[in-house]
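Participant: Encoded as structure tokens, here's the structure I'll be asking about.
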Amino acid sequence: MPKPMIEVTQLHKSFGSLEILKGIDLDVHQGEIVVIIGPSGSGKSTLLRCLNCLELPTSGTVKVEGENFADSSGRYNEKRVAKLRTEIGMVFQSFNLFPMMTAVENVMAAQVKIRKKSKEEARKTAEKYLKKVGLAERMDHYPDQLSGGQKQRVAIARALAMEPHIMLFDEATSALDPELVGEVLKVIRELADEGMTMVLVTHEMRFAEEIGDRIIFMDKGMIVEEGKPDELFNAPKHQRTKLFINQVLHPEAEKV
Amino acid sequence: MDILSHLDFATAIKELTPELWQGLLIALEATVGGFLLAVVLSVLIAVGRLSESKVLKGILVVILEIVRGTPLLVQLVYMFYVVPLLISLVAQFFIPDYQFQLNPLFAGILGLGINYGCYLSEVVRAAILSVDKGQTEAALALGYTQRQALWSIVIPQATRQAIPVFGNYLIMMIKDTSLLAFITVNELLLRTQAYASQTFLTIESYTILAIAYLILSLPLSQVVRLLEKGFSKHA
Ligand SMILES: Nc1ncnc2c1ncn2[C@@H]1O[C@H](COP(=O)(O)OP(=O)(O)OP(=O)(O)O)[C@@H](O)[C@H]1O
Ligand SMILES: [Mg+2]
């Protein structure tokens with residue numbers, strides 16, 4: 001068994017009195033691609049954001065490559081958390097590119113500021129990853145001069161340039177026009193082929209089925225069911241999973 | 001009218017203009033110094049007010065209320081006449097007969113800087129709050145600490161947004177340097193006063209002074225408008 005890259009144990013997360021995650025246990029192994037699906041509001045984004053500590057767990061632990069985000073006394077030390085985050089790349093639905101920087105500067109910024117690389121070195125790495133996502137020609141464009149698909153590919157390059165061991169995608173294509181979804185999915189697919197460990201939240205069921213090693217179905221803050229794509233999509237065990245998949249695959253059908 | 005036939009703009013222009021040039025240099029010195037101080041203070045105050053520390057926030061709110069609740073002229077007079085006395089009083093515990101003095105221009109720069117810094121801090125604070133939370137999150141996800149994200153991602157965007165507003169305050173400050181006449185800074189108003197009382201060319205002198213300020217601020221307003229356009233790019 002490959003080593004676990006992420007270990008989540010009994011993760012609970014509440015906002016005020018509202019419990020959003022109700023005891024999640026999840027391991028992600030090296031090279032594994034885990035896809036999280038589930039209805040809106042079920043806590044998918046919250047779970048993903050707990051994986052890199054953008055949300056602090058209310059209780060339970062999250063470990064990355066064996067290292068707990070909390071220190072030995074259970075506190076979340078900012079420097080420690082920031083350091084662990086450099087091993088995890090995250091791609092957001094809304095891209096979140098830095099608007100005052102060009103594409104290449106976006107990809108360079110954290111390399112220089114956090115990894116303490118020289119500008120020349122950072123630029124080389126940035127160019128490599130921008131080429132990889134097919135944007136060699138757009139390097140000196142500002143985000144507002146790029147299409148949604150291009151922005152998202154810059155965001156992916158920006159995350160990759162930190163050379164993380166894990167990538168998180170939160171509905172990376174949901175904000176895109178339909179004709180731009182493909183170019184982003186293609187980049188994610190290539191990463192998968194290279195063996196990157198990934199956790200994705202997506203509404204693209206066909207993509208989930210094709211790319212995922214394991215599908216996790218979440219509802220109301222809990223993991224209801226998980227399994228290999230063809231099991232989960234073609235023979236779901238739980239009624240709730242069945243309903244959800246039916247509804248997403250056949251949105252034109254009447255709600256049950 | 002008798003007065004009208006005695007108006008002598010030609011003489012007043014000829015004699016007062018060189019004086020006004022001298023005064024303008026001093027006014028510009030005060031503006032540059034005061035505004036730089038104001039910008040630095042405004043960012044520090046804004047960041048302080050957004051910090052976690054209740055004590056710091058409390059102190060800053062009190063300072064802001066004092067500055068906004070008193071006239072700039074009173075603050076300038078206080079800075080020039082009272083603050084040196086207070087400093088002298090304290091210093092005399094250690095050095096007998098010590099007399100602290102503030103150079104008038106320096107006192108003016110401090111007074112203008114602190115006053116404008118407080119008003120500008122509201123602009124900066126609003127600008128910081130208006131930067132999308134996703135910007136901070138993206139930075140955090142890349143391994144920035146909160147502080148690094150604030151200073152290298154959020155504040156550059158916030159100041160870009162604030163720059164056109166800053167421009168308007170800059171023009172206001174140039175005009176407010178006329179208040180420095182009351183603390184013996186030899187700027188345009190003080191020189192005009194001196195000239196008018198020597199020559200009794202009252203109407204001419206102050207009319208020329210007013211026109212001088214107009215000539216100064218009208219083109220600057222245009223520059224600010226251009227800045228507004230330039231800085232709305234890539235924001
Ligand atoms: N910072 C927050 N404060 C309060 N409530 C929050 C916060 N973040 C999320 N929530 C709530 O937590 C619940 C789960 O949100 P989450 O974003 O994790 O759902 P999701 O499964 O990602 O949904 P979607 O498919 O719509 O993105 C929602 O009801 C949401 O309103
Ligand atoms: Mg979500």
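By order of appearance in the structure tokens: chains A, B, ..., then residues from 1 within every chain, and ligands from 1 in the order shown.
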Which chain A residues are at most 7 Å from chain B (counting only C-alpha atoms), as JSON, numbers by chain?

Facilitator: {"A": [78, 79, 82, 83, 85, 86, 89, 90, 96, 98, 99, 100, 110, 114, 142, 144, 159]}

Participant: Could you name the residues that touch stretch 237-248 of chain A at 12 Å or less, counting only C-alpha atoms, but leaving out those on the same chain fewer than 6 positions away, as a PyMOL selection string?

Facilitator: chain A and resi 37-40+42+202-206+208-209+215-220+222-227+229+231+254-256

Participant: Excluding same-chain residues fewer than 2 positions from B:Ser205, what lies within 9 Å of it counting only C-alpha atoms, as a PyMOL selection string?

Facilitator: chain B and resi 9+12-13+16+192-193+195-196+200-203+207-210

Participant: Next, the residues of the selection above should be written as a PDB file, in the first residue's frame with N, CA, C and O atoms.

Facilitator:
ATOM      1  N   PHE B   9      -2.840  96.664  -9.983  1.00  0.00           N
ATOM      2  CA  PHE B   9      -2.468  95.251 -10.103  1.00  0.00           C
ATOM      3  C   PHE B   9      -1.056  95.088 -10.657  1.00  0.00           C
ATOM      4  O   PHE B   9      -0.346  94.173 -10.281  1.00  0.00           O
ATOM      5  N   ALA B  12       1.447  95.292  -7.931  1.00  0.00           N
ATOM      6  CA  ALA B  12       1.285  94.158  -7.012  1.00  0.00           C
ATOM      7  C   ALA B  12       1.815  92.878  -7.636  1.00  0.00           C
ATOM      8  O   ALA B  12       2.531  92.109  -6.991  1.00  0.00           O
ATOM      9  N   ILE B  13       1.489  92.653  -8.910  1.00  0.00           N
ATOM     10  CA  ILE B  13       1.981  91.433  -9.572  1.00  0.00           C
ATOM     11  C   ILE B  13       3.500  91.430  -9.601  1.00  0.00           C
ATOM     12  O   ILE B  13       4.145  90.444  -9.265  1.00  0.00           O
ATOM     13  N   LEU B  16       4.794  91.166  -5.806  1.00  0.00           N
ATOM     14  CA  LEU B  16       4.357  90.037  -4.979  1.00  0.00           C
ATOM     15  C   LEU B  16       4.744  88.674  -5.577  1.00  0.00           C
ATOM     16  O   LEU B  16       5.022  87.727  -4.836  1.00  0.00           O
ATOM     17  N   THR B 192       1.846  87.238   1.669  1.00  0.00           N
ATOM     18  CA  THR B 192       0.857  88.148   1.096  1.00  0.00           C
ATOM     19  C   THR B 192       0.379  89.154   2.147  1.00  0.00           C
ATOM     20  O   THR B 192       0.246  90.345   1.871  1.00  0.00           O
ATOM     21  N   GLN B 193       0.117  88.633   3.334  1.00  0.00           N
ATOM     22  CA  GLN B 193      -0.297  89.505   4.444  1.00  0.00           C
ATOM     23  C   GLN B 193       0.737  90.605   4.674  1.00  0.00           C
ATOM     24  O   GLN B 193       0.392  91.795   4.782  1.00  0.00           O
ATOM     25  N   TYR B 195       2.986  91.754   2.657  1.00  0.00           N
ATOM     26  CA  TYR B 195       3.052  92.681   1.526  1.00  0.00           C
ATOM     27  C   TYR B 195       1.856  93.629   1.548  1.00  0.00           C
ATOM     28  O   TYR B 195       2.000  94.844   1.363  1.00  0.00           O
ATOM     29  N   ALA B 196       0.664  93.072   1.798  1.00  0.00           N
ATOM     30  CA  ALA B 196      -0.557  93.889   1.775  1.00  0.00           C
ATOM     31  C   ALA B 196      -0.514  94.963   2.862  1.00  0.00           C
ATOM     32  O   ALA B 196      -0.921  96.100   2.644  1.00  0.00           O
ATOM     33  N   PHE B 200      -0.644  98.523   1.432  1.00  0.00           N
ATOM     34  CA  PHE B 200      -2.090  98.767   1.425  1.00  0.00           C
ATOM     35  C   PHE B 200      -2.744  98.333   0.119  1.00  0.00           C
ATOM     36  O   PHE B 200      -3.845  98.747  -0.183  1.00  0.00           O
ATOM     37  N   LEU B 201      -2.058  97.483  -0.655  1.00  0.00           N
ATOM     38  CA  LEU B 201      -2.678  96.947  -1.884  1.00  0.00           C
ATOM     39  C   LEU B 201      -3.467  95.686  -1.506  1.00  0.00           C
ATOM     40  O   LEU B 201      -3.205  94.586  -1.992  1.00  0.00           O
ATOM     41  N   THR B 202      -4.460  95.878  -0.635  1.00  0.00           N
ATOM     42  CA  THR B 202      -5.154  94.724  -0.061  1.00  0.00           C
ATOM     43  C   THR B 202      -5.904  93.907  -1.114  1.00  0.00           C
ATOM     44  O   THR B 202      -5.729  92.694  -1.220  1.00  0.00           O
ATOM     45  N   ILE B 203      -6.747  94.584  -1.876  1.00  0.00           N
ATOM     46  CA  ILE B 203      -7.546  93.853  -2.873  1.00  0.00           C
ATOM     47  C   ILE B 203      -6.644  93.127  -3.850  1.00  0.00           C
ATOM     48  O   ILE B 203      -6.806  91.925  -4.129  1.00  0.00           O
ATOM     49  N   THR B 207      -6.273  88.967  -4.080  1.00  0.00           N
ATOM     50  CA  THR B 207      -6.804  88.426  -5.333  1.00  0.00           C
ATOM     51  C   THR B 207      -5.721  87.617  -6.048  1.00  0.00           C
ATOM     52  O   THR B 207      -5.959  86.499  -6.534  1.00  0.00           O
ATOM     53  N   ILE B 208      -4.527  88.168  -6.073  1.00  0.00           N
ATOM     54  CA  ILE B 208      -3.415  87.446  -6.709  1.00  0.00           C
ATOM     55  C   ILE B 208      -3.150  86.133  -5.976  1.00  0.00           C
ATOM     56  O   ILE B 208      -2.944  85.083  -6.591  1.00  0.00           O
ATOM     57  N   LEU B 209      -3.218  86.180  -4.635  1.00  0.00           N
ATOM     58  CA  LEU B 209      -2.994  84.957  -3.852  1.00  0.00           C
ATOM     59  C   LEU B 209      -4.020  83.882  -4.226  1.00  0.00           C
ATOM     60  O   LEU B 209      -3.676  82.723  -4.475  1.00  0.00           O
ATOM     61  N   ALA B 210      -5.288  84.309  -4.291  1.00  0.00           N
ATOM     62  CA  ALA B 210      -6.343  83.341  -4.607  1.00  0.00           C
ATOM     63  C   ALA B 210      -6.115  82.738  -5.988  1.00  0.00           C
ATOM     64  O   ALA B 210      -6.240  81.521  -6.189  1.00  0.00           O
TER      65      ALA B 210
END

Participant: Which residues of chain A come within 7 Å of ligand 2, and for each one, what is the closest pair of atoms and their distance in Å to one decimal, counting only C-alpha atoms and all ligand atoms, sorted by chain and residue number, as CSV?

Facilitator:
residue,atom,partner,partner_atom_place_in_ligand_line,distance
A:Ser40,CA,ligand 2,1 (Mg),6.9
A:Lys44,CA,ligand 2,1 (Mg),5.6
A:Ser45,CA,ligand 2,1 (Mg),4.0
A:Asp170,CA,ligand 2,1 (Mg),6.6
A:Glu171,CA,ligand 2,1 (Mg),7.0

Participant: Just to be explicit: take each residue in the selection above, keep N, CA and C atoms, and write the result as a PDB file, in the first residue's frame.

Facilitator:
ATOM      1  N   SER A  40     -25.372  20.358  -3.004  1.00  0.00           N
ATOM      2  CA  SER A  40     -24.920  21.674  -2.563  1.00  0.00           C
ATOM      3  C   SER A  40     -25.169  21.839  -1.061  1.00  0.00           C
ATOM      4  N   LYS A  44     -18.745  19.762   1.116  1.00  0.00           N
ATOM      5  CA  LYS A  44     -17.597  19.358   0.293  1.00  0.00           C
ATOM      6  C   LYS A  44     -16.476  20.389   0.353  1.00  0.00           C
ATOM      7  N   SER A  45     -16.833  21.661   0.110  1.00  0.00           N
ATOM      8  CA  SER A  45     -15.806  22.706   0.124  1.00  0.00           C
ATOM      9  C   SER A  45     -15.190  22.823   1.509  1.00  0.00           C
ATOM     10  N   ASP A 170     -11.331  22.726  -5.980  1.00  0.00           N
ATOM     11  CA  ASP A 170     -12.715  22.936  -5.551  1.00  0.00           C
ATOM     12  C   ASP A 170     -13.544  23.481  -6.712  1.00  0.00           C
ATOM     13  N   GLU A 171     -14.253  22.599  -7.371  1.00  0.00           N
ATOM     14  CA  GLU A 171     -15.091  22.980  -8.511  1.00  0.00           C
ATOM     15  C   GLU A 171     -14.346  23.903  -9.471  1.00  0.00           C
TER      16      GLU A 171
END

Participant: Identify, on the basis of only C-alpha atoms, every residue whose closest approach to A:Leu21 does not exceed 12 Å; exclude the query and any residue fewer than 4 positions from it along the same chain; express the result as a VMD selection string.

Facilitator: chain A and resid 8 to 15 17 25 41 to 50 55 to 60 218 to 223

Participant: Using only C-alpha atoms, which protein or nucleic acid residues come within 9 Å of B:Val224? Drop anything in the same chain fewer than 5 positions from it, and give the result as a PyMOL selection string.

Facilitator: chain B and resi 163-168+219+229

Participant: Give me every strand (DSSP E) residue in stretch 96-200 of chain A, going by DSSP on the backbone, as a list in words.

Facilitator: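 DSSP-assigned strand (DSSP E) residues in stretch 96-200 of chain A: Ile166, Met167, Leu168, Phe169, Asp170, Thr197, Met198, Val199 and Leu200 of chain A.
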
Participant: If you keep N, CA and C atoms, can you produce a file of those selected residues as a CSV table (one decimal), in the first residue's frame?

Facilitator:
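Full text of result_32.csv as output:
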chain,number,residue,atom,x,y,z
A,166,ILE,N,0.5,17.4,-3.2
A,166,ILE,CA,-0.9,17.1,-3.2
A,166,ILE,C,-1.6,18.3,-3.9
A,167,MET,N,-2.6,18.0,-4.7
A,167,MET,CA,-3.4,19.1,-5.3
A,167,MET,C,-4.8,19.0,-4.9
A,168,LEU,N,-5.4,20.1,-4.5
A,168,LEU,CA,-6.9,20.2,-4.2
A,168,LEU,C,-7.6,21.1,-5.2
A,169,PHE,N,-8.7,20.6,-5.7
A,169,PHE,CA,-9.5,21.3,-6.7
A,169,PHE,C,-10.9,21.5,-6.2
A,170,ASP,N,-11.3,22.7,-6.0
A,170,ASP,CA,-12.7,22.9,-5.6
A,170,ASP,C,-13.5,23.5,-6.7
A,197,THR,N,-1.0,13.2,-6.6
A,197,THR,CA,-2.1,12.9,-5.6
A,197,THR,C,-3.1,14.1,-5.6
A,198,MET,N,-4.4,13.8,-5.8
A,198,MET,CA,-5.3,14.8,-5.9
A,198,MET,C,-6.6,14.5,-5.2
A,199,VAL,N,-7.2,15.6,-4.7
A,199,VAL,CA,-8.6,15.5,-4.2
A,199,VAL,C,-9.4,16.6,-4.9
A,200,LEU,N,-10.5,16.2,-5.6
A,200,LEU,CA,-11.3,17.1,-6.4
A,200,LEU,C,-12.7,17.1,-5.9

Participant: May I have the residues within 12 Å of stretch 192-196 of chain A as number ranges by chain, using only C-alpha atoms and disregarding those fewer than 2 positions away in the same chain?

Facilitator: A: 5, 28-35, 88-89, 160, 163-168, 185-190, 198-200, 207-208, 210-213

Participant: Counting only C-alpha atoms and all ligand atoms, figure out which residue out of A:Leu180, A:Leu249, A:Leu97, A:Ala172 gets nearest to ligand 1.

Facilitator: A:Ala172
